[in-house]
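Below is one structure; the comments refer to it alone.
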Amino acid sequence: MMSLPFMPHHAKPIFWVSVFACFGFWLAVYVIIIQRGIKDKSYGMPIGALCGNIAWEFMFSCIFLADYLAIRIGNFLWLLLDMGILWTVVKHGKADFSAPFMKKWLYPIILIGVFMAAFLGIPFVKVYKDTQGFLTGWIQAFLMSILFISMLVRRDDVRGQSLYIALFMFLGNVPAYYWVKYFPDPIGGLDSRMNFAITVATCILNLIYIALIYQKCRRQSINPWTRL
(Lines give C-alpha, C1' and ligand atoms only; values in the text may rest on other atoms or scores of the structure.)
Protein backbone atom coordinates (compact mmCIF):
# COMPACT_ATOMS: atom_id res chain seq x y z
CA MET A 1 0.00 0.00 0.00
CA MET A 2 1.39 3.37 -0.97
CA SER A 3 1.89 5.87 1.83
CA LEU A 4 -0.21 9.00 1.81
CA PRO A 5 1.76 11.87 0.22
CA PHE A 6 2.34 14.87 2.45
CA MET A 7 1.57 17.31 -0.38
CA PRO A 8 1.36 17.02 -4.19
CA HIS A 9 4.94 17.17 -5.48
CA HIS A 10 3.82 18.40 -8.89
CA ALA A 11 1.89 21.39 -7.48
CA LYS A 12 3.11 24.94 -8.03
CA PRO A 13 4.92 26.63 -5.11
CA ILE A 14 2.07 29.11 -4.76
CA PHE A 15 -0.21 26.20 -3.89
CA TRP A 16 2.06 25.08 -1.06
CA VAL A 17 2.36 28.62 0.28
CA SER A 18 -1.38 29.27 0.08
CA VAL A 19 -2.30 26.05 1.90
CA PHE A 20 0.04 26.66 4.81
CA ALA A 21 -0.84 30.37 4.99
CA CYS A 22 -4.55 29.58 5.07
CA PHE A 23 -4.15 26.95 7.76
CA GLY A 24 -1.76 29.14 9.77
CA PHE A 25 -3.88 32.27 9.82
CA TRP A 26 -7.10 30.42 10.58
CA LEU A 27 -5.45 28.41 13.35
CA ALA A 28 -4.33 31.75 14.80
CA VAL A 29 -7.93 33.00 14.58
CA TYR A 30 -9.17 30.01 16.56
CA VAL A 31 -6.45 30.30 19.21
CA ILE A 32 -7.12 34.01 19.77
CA ILE A 33 -10.89 33.40 19.91
CA ILE A 34 -10.33 30.82 22.68
CA GLN A 35 -7.93 33.15 24.47
CA ARG A 36 -10.31 36.11 24.32
CA GLY A 37 -13.22 33.92 25.42
CA ILE A 38 -11.29 32.92 28.53
CA LYS A 39 -10.16 36.48 29.29
CA ASP A 40 -13.54 38.11 28.66
CA LYS A 41 -15.62 35.25 30.13
CA SER A 42 -17.48 35.10 26.85
CA TYR A 43 -17.19 33.46 23.44
CA GLY A 44 -15.84 34.93 20.23
CA MET A 45 -17.37 32.91 17.41
CA PRO A 46 -21.05 33.30 16.51
CA ILE A 47 -22.96 30.15 17.40
CA GLY A 48 -24.28 29.65 13.87
CA ALA A 49 -20.75 29.91 12.50
CA LEU A 50 -19.46 27.46 15.11
CA CYS A 51 -22.12 24.90 14.22
CA GLY A 52 -21.21 25.15 10.54
CA ASN A 53 -17.49 25.00 11.30
CA ILE A 54 -17.74 21.88 13.43
CA ALA A 55 -19.87 20.15 10.80
CA TRP A 56 -17.52 21.10 7.93
CA GLU A 57 -14.38 20.10 9.79
CA PHE A 58 -15.92 16.83 10.92
CA MET A 59 -16.99 16.00 7.37
CA PHE A 60 -13.55 16.72 5.91
CA SER A 61 -11.63 15.13 8.77
CA CYS A 62 -13.67 11.94 9.12
CA ILE A 63 -15.81 11.35 6.01
CA PHE A 64 -14.38 13.06 2.92
CA LEU A 65 -10.67 12.64 3.54
CA ALA A 66 -8.14 14.75 1.68
CA ASP A 67 -5.62 13.04 -0.59
CA TYR A 68 -2.70 14.74 1.16
CA LEU A 69 -1.51 14.33 4.73
CA ALA A 70 -0.85 18.03 5.32
CA ILE A 71 -4.46 18.94 4.53
CA ARG A 72 -5.81 16.12 6.71
CA ILE A 73 -3.68 17.35 9.61
CA GLY A 74 -4.80 20.94 9.08
CA ASN A 75 -8.49 20.00 8.97
CA PHE A 76 -8.12 17.95 12.15
CA LEU A 77 -6.34 20.79 13.95
CA TRP A 78 -9.18 23.14 12.98
CA LEU A 79 -11.68 20.65 14.39
CA LEU A 80 -9.66 20.26 17.59
CA LEU A 81 -9.52 24.02 18.20
CA ASP A 82 -13.22 24.32 17.44
CA MET A 83 -13.76 22.05 20.45
CA GLY A 84 -11.96 24.69 22.51
CA ILE A 85 -14.24 27.39 21.12
CA LEU A 86 -17.24 25.17 21.84
CA TRP A 87 -16.05 24.91 25.45
CA THR A 88 -16.14 28.72 25.79
CA VAL A 89 -19.69 28.72 24.40
CA VAL A 90 -20.80 26.01 26.82
CA LYS A 91 -19.19 27.83 29.75
CA HIS A 92 -20.23 31.41 28.96
CA GLY A 93 -22.84 31.25 26.20
CA LYS A 94 -26.01 31.50 28.27
CA ALA A 95 -24.84 34.75 29.88
CA ASP A 96 -24.69 36.34 26.42
CA PHE A 97 -28.45 36.12 25.96
CA SER A 98 -31.26 37.83 27.84
CA ALA A 99 -34.09 35.81 26.29
CA PRO A 100 -35.20 32.94 28.58
CA PHE A 101 -35.68 30.70 25.52
CA MET A 102 -31.99 30.95 24.56
CA LYS A 103 -30.83 30.46 28.13
CA LYS A 104 -32.90 27.29 28.41
CA TRP A 105 -32.36 25.79 24.98
CA LEU A 106 -28.88 26.98 23.97
CA TYR A 107 -27.18 23.57 24.21
CA PRO A 108 -29.87 21.67 22.25
CA ILE A 109 -29.80 24.46 19.65
CA ILE A 110 -26.05 23.94 19.20
CA LEU A 111 -26.46 20.16 18.85
CA ILE A 112 -29.28 20.58 16.35
CA GLY A 113 -27.28 23.22 14.46
CA VAL A 114 -24.25 20.95 14.05
CA PHE A 115 -26.44 18.00 13.07
CA MET A 116 -28.42 20.00 10.50
CA ALA A 117 -25.27 21.50 8.97
CA ALA A 118 -23.82 18.00 8.51
CA PHE A 119 -27.18 16.57 7.42
CA LEU A 120 -27.31 19.11 4.59
CA GLY A 121 -23.59 19.21 3.92
CA ILE A 122 -22.97 15.51 3.31
CA PRO A 123 -25.47 15.09 0.45
CA PHE A 124 -24.44 18.52 -0.92
CA VAL A 125 -20.85 17.29 -1.23
CA LYS A 126 -21.97 14.08 -2.93
CA VAL A 127 -24.42 15.70 -5.34
CA TYR A 128 -22.17 18.58 -6.40
CA LYS A 129 -18.93 16.54 -6.14
CA ASP A 130 -17.42 19.04 -3.73
CA THR A 131 -15.06 16.37 -2.43
CA GLN A 132 -12.33 18.88 -1.53
CA GLY A 133 -14.77 21.04 0.44
CA PHE A 134 -14.03 24.13 -1.64
CA LEU A 135 -17.59 25.28 -2.30
CA THR A 136 -18.95 24.30 1.12
CA GLY A 137 -15.89 25.88 2.73
CA TRP A 138 -16.41 29.17 0.91
CA ILE A 139 -20.12 29.17 1.73
CA GLN A 140 -19.19 28.70 5.37
CA ALA A 141 -16.57 31.48 5.22
CA PHE A 142 -19.04 33.86 3.58
CA LEU A 143 -21.72 33.16 6.18
CA MET A 144 -19.16 33.56 8.96
CA SER A 145 -18.17 36.99 7.64
CA ILE A 146 -21.80 38.09 7.97
CA LEU A 147 -22.34 36.46 11.37
CA PHE A 148 -19.26 38.07 12.94
CA ILE A 149 -20.51 41.51 11.90
CA SER A 150 -23.98 40.67 13.21
CA MET A 151 -22.59 39.53 16.58
CA LEU A 152 -20.55 42.71 16.97
CA VAL A 153 -23.58 44.88 16.18
CA ARG A 154 -25.82 42.87 18.54
CA ARG A 155 -23.40 43.07 21.46
CA ASP A 156 -22.31 46.63 20.73
CA ASP A 157 -18.92 45.91 22.29
CA VAL A 158 -15.77 43.92 21.52
CA ARG A 159 -16.28 41.27 24.17
CA GLY A 160 -14.71 38.05 22.91
CA GLN A 161 -13.28 39.87 19.89
CA SER A 162 -10.05 41.51 18.82
CA LEU A 163 -8.68 43.28 15.80
CA TYR A 164 -6.28 40.38 15.27
CA ILE A 165 -9.16 37.91 14.92
CA ALA A 166 -10.60 40.12 12.18
CA LEU A 167 -7.23 40.66 10.47
CA PHE A 168 -6.27 36.99 10.49
CA MET A 169 -9.67 35.97 9.14
CA PHE A 170 -9.04 38.22 6.15
CA LEU A 171 -5.44 37.07 5.78
CA GLY A 172 -6.60 33.44 5.94
CA ASN A 173 -9.24 33.91 3.25
CA VAL A 174 -6.95 35.59 0.70
CA PRO A 175 -4.61 32.57 0.28
CA ALA A 176 -7.64 30.27 0.23
CA TYR A 177 -8.42 31.74 -3.19
CA TYR A 178 -5.01 30.60 -4.51
CA TRP A 179 -5.35 27.23 -2.76
CA VAL A 180 -8.50 26.57 -4.79
CA LYS A 181 -7.16 28.18 -7.98
CA TYR A 182 -3.95 26.14 -8.10
CA PHE A 183 -5.20 22.87 -6.64
CA PRO A 184 -3.58 20.30 -8.97
CA ASP A 185 -6.47 17.83 -9.11
CA PRO A 186 -9.51 19.10 -11.06
CA ILE A 187 -11.81 16.51 -9.48
CA GLY A 188 -13.83 18.19 -6.78
CA GLY A 189 -12.52 21.59 -7.88
CA LEU A 190 -14.40 24.86 -8.03
CA ASP A 191 -15.13 26.95 -11.12
CA SER A 192 -12.72 29.89 -11.25
CA ARG A 193 -15.53 32.42 -11.65
CA MET A 194 -17.27 31.20 -8.51
CA ASN A 195 -13.98 31.04 -6.63
CA PHE A 196 -13.20 34.66 -7.54
CA ALA A 197 -16.69 35.99 -6.81
CA ILE A 198 -17.12 34.39 -3.41
CA THR A 199 -13.55 35.30 -2.40
CA VAL A 200 -14.13 38.96 -3.24
CA ALA A 201 -17.52 39.05 -1.48
CA THR A 202 -16.13 37.36 1.64
CA CYS A 203 -13.03 39.54 1.81
CA ILE A 204 -15.07 42.75 1.44
CA LEU A 205 -17.14 41.70 4.43
CA ASN A 206 -13.93 40.83 6.30
CA LEU A 207 -12.61 44.35 5.66
CA ILE A 208 -15.87 45.85 6.92
CA TYR A 209 -15.55 43.75 10.07
CA ILE A 210 -11.96 44.92 10.56
CA ALA A 211 -13.08 48.56 10.31
CA LEU A 212 -15.98 48.01 12.72
CA ILE A 213 -13.80 46.26 15.30
CA TYR A 214 -11.17 49.01 15.09
CA GLN A 215 -13.83 51.72 15.46
CA LYS A 216 -15.54 49.95 18.36
CA CYS A 217 -12.25 49.47 20.21
CA ARG A 218 -11.51 53.19 19.90
CA ARG A 219 -14.97 54.10 21.17
CA GLN A 220 -14.45 51.82 24.17
CA SER A 221 -11.03 53.42 24.83
CA ILE A 222 -9.27 50.15 24.00
CA ASN A 223 -6.01 50.07 22.09
CA PRO A 224 -6.87 47.60 19.29
CA TRP A 225 -3.21 46.77 18.64
CA THR A 226 -2.52 45.57 22.20
CA ARG A 227 -5.72 43.56 22.58
CA LEU A 228 -4.85 39.93 21.93
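Note on naming: chains are A, B, ... as they come in the C-alpha coordinates, residues start from 1 per chain, ligands start from 1 in the order shown.
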Output as a Markdown table one row per residue of range 60-84 of chain A within 7 Å of range 5-17 of chain A: the closest atom pair and its distance in Å to one decimal place, counting only C-alpha atoms, sorted by chain and residue number ascending.
```
| residue | atom | partner | partner_atom | distance |
| --- | --- | --- | --- | --- |
| A:Tyr68 | CA | A:Phe6 | CA | 5.2 |
| A:Leu69 | CA | A:Phe6 | CA | 4.5 |
| A:Ala70 | CA | A:Phe6 | CA | 5.3 |
```
Pull C-alpha atoms from the residues just selected and write them as a PDB file, in the first residue's frame.
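Saved file again.pdb follows:
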```pdb
ATOM      1  CA  TYR A  68      -2.702  14.740   1.161  1.00  0.00           C
ATOM      2  CA  LEU A  69      -1.508  14.329   4.726  1.00  0.00           C
ATOM      3  CA  ALA A  70      -0.850  18.031   5.325  1.00  0.00           C
TER       4      ALA A  70
END
```
Could you make a table, as CSV, of the residues of range 102-170 of chain A that have an atom within 12 Å of an atom of range 184-207 of chain A, each with its nearest atom pair and distance in Å to one decimal, counting only C-alpha atoms, in chain and number order?
```
residue,atom,partner,partner_atom,distance
A:Val125,CA,A:Gly188,CA,9.0
A:Lys126,CA,A:Gly188,CA,9.9
A:Val127,CA,A:Gly188,CA,11.0
A:Tyr128,CA,A:Gly188,CA,8.4
A:Lys129,CA,A:Gly188,CA,5.4
A:Asp130,CA,A:Gly188,CA,4.8
A:Thr131,CA,A:Gly188,CA,4.9
A:Gln132,CA,A:Gly188,CA,5.5
A:Gly133,CA,A:Gly188,CA,7.8
A:Phe134,CA,A:Leu190,CA,6.4
A:Leu135,CA,A:Leu190,CA,6.6
A:Thr136,CA,A:Leu190,CA,10.2
A:Gly137,CA,A:Ile198,CA,10.6
A:Trp138,CA,A:Ile198,CA,6.8
A:Ile139,CA,A:Ile198,CA,7.9
A:Gln140,CA,A:Thr202,CA,9.9
A:Ala141,CA,A:Thr202,CA,6.9
A:Phe142,CA,A:Thr202,CA,4.9
A:Leu143,CA,A:Thr202,CA,8.3
A:Met144,CA,A:Thr202,CA,8.8
A:Ser145,CA,A:Leu205,CA,5.8
A:Ile146,CA,A:Leu205,CA,6.9
A:Leu147,CA,A:Leu205,CA,10.1
A:Phe148,CA,A:Asn206,CA,8.9
A:Ile149,CA,A:Leu205,CA,8.2
A:Ser150,CA,A:Leu205,CA,11.2
A:Leu163,CA,A:Leu207,CA,10.9
A:Tyr164,CA,A:Asn206,CA,11.8
A:Ile165,CA,A:Asn206,CA,10.3
A:Ala166,CA,A:Asn206,CA,6.8
A:Leu167,CA,A:Asn206,CA,7.9
A:Phe168,CA,A:Asn206,CA,9.5
A:Met169,CA,A:Asn206,CA,7.1
A:Phe170,CA,A:Asn206,CA,5.5
```
>> Env of Asp157 in chain A: 8 Å cut, atoms = only C-alpha atoms, seq-sep filter 3 positions within chain, self excluded. Answer as a PyMOL selection string.
In response: chain A and resi 152-153+216-217+220
Can you measure CA of Gly160 in chain A to CA of Ile73 in chain A for me? One decimal in Å is fine.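 Taking CA of Gly160 in chain A and CA of Ile73 in chain A, their separation equals 27.0 Å.
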Write out as an MDAnalysis selection string all residues of range 38-228 of chain A that DSSP puts in alpha helix (DSSP H) for this structure's backbone. chainID A and resid 38:40 47:58 69:92 100:128 134:155 163:181 192:219
The residue from A:Phe23, A:Met116, A:Asp156, A:Ser18 with the smallest atom-to-atom distance to Arg72 in chain A, counting only C-alpha atoms, is A:Phe23
Neighbour list for range 94-99 of chain A as JSON, numbers by chain, cut-off 8 Å, only C-alpha atoms, skip fewer than 5 positions in-chain | {"A": [42, 89, 106]}
Expressed in Å, the length from CA of Ala55 in chain A to CA of Ile122 in chain A is 9.3 Å
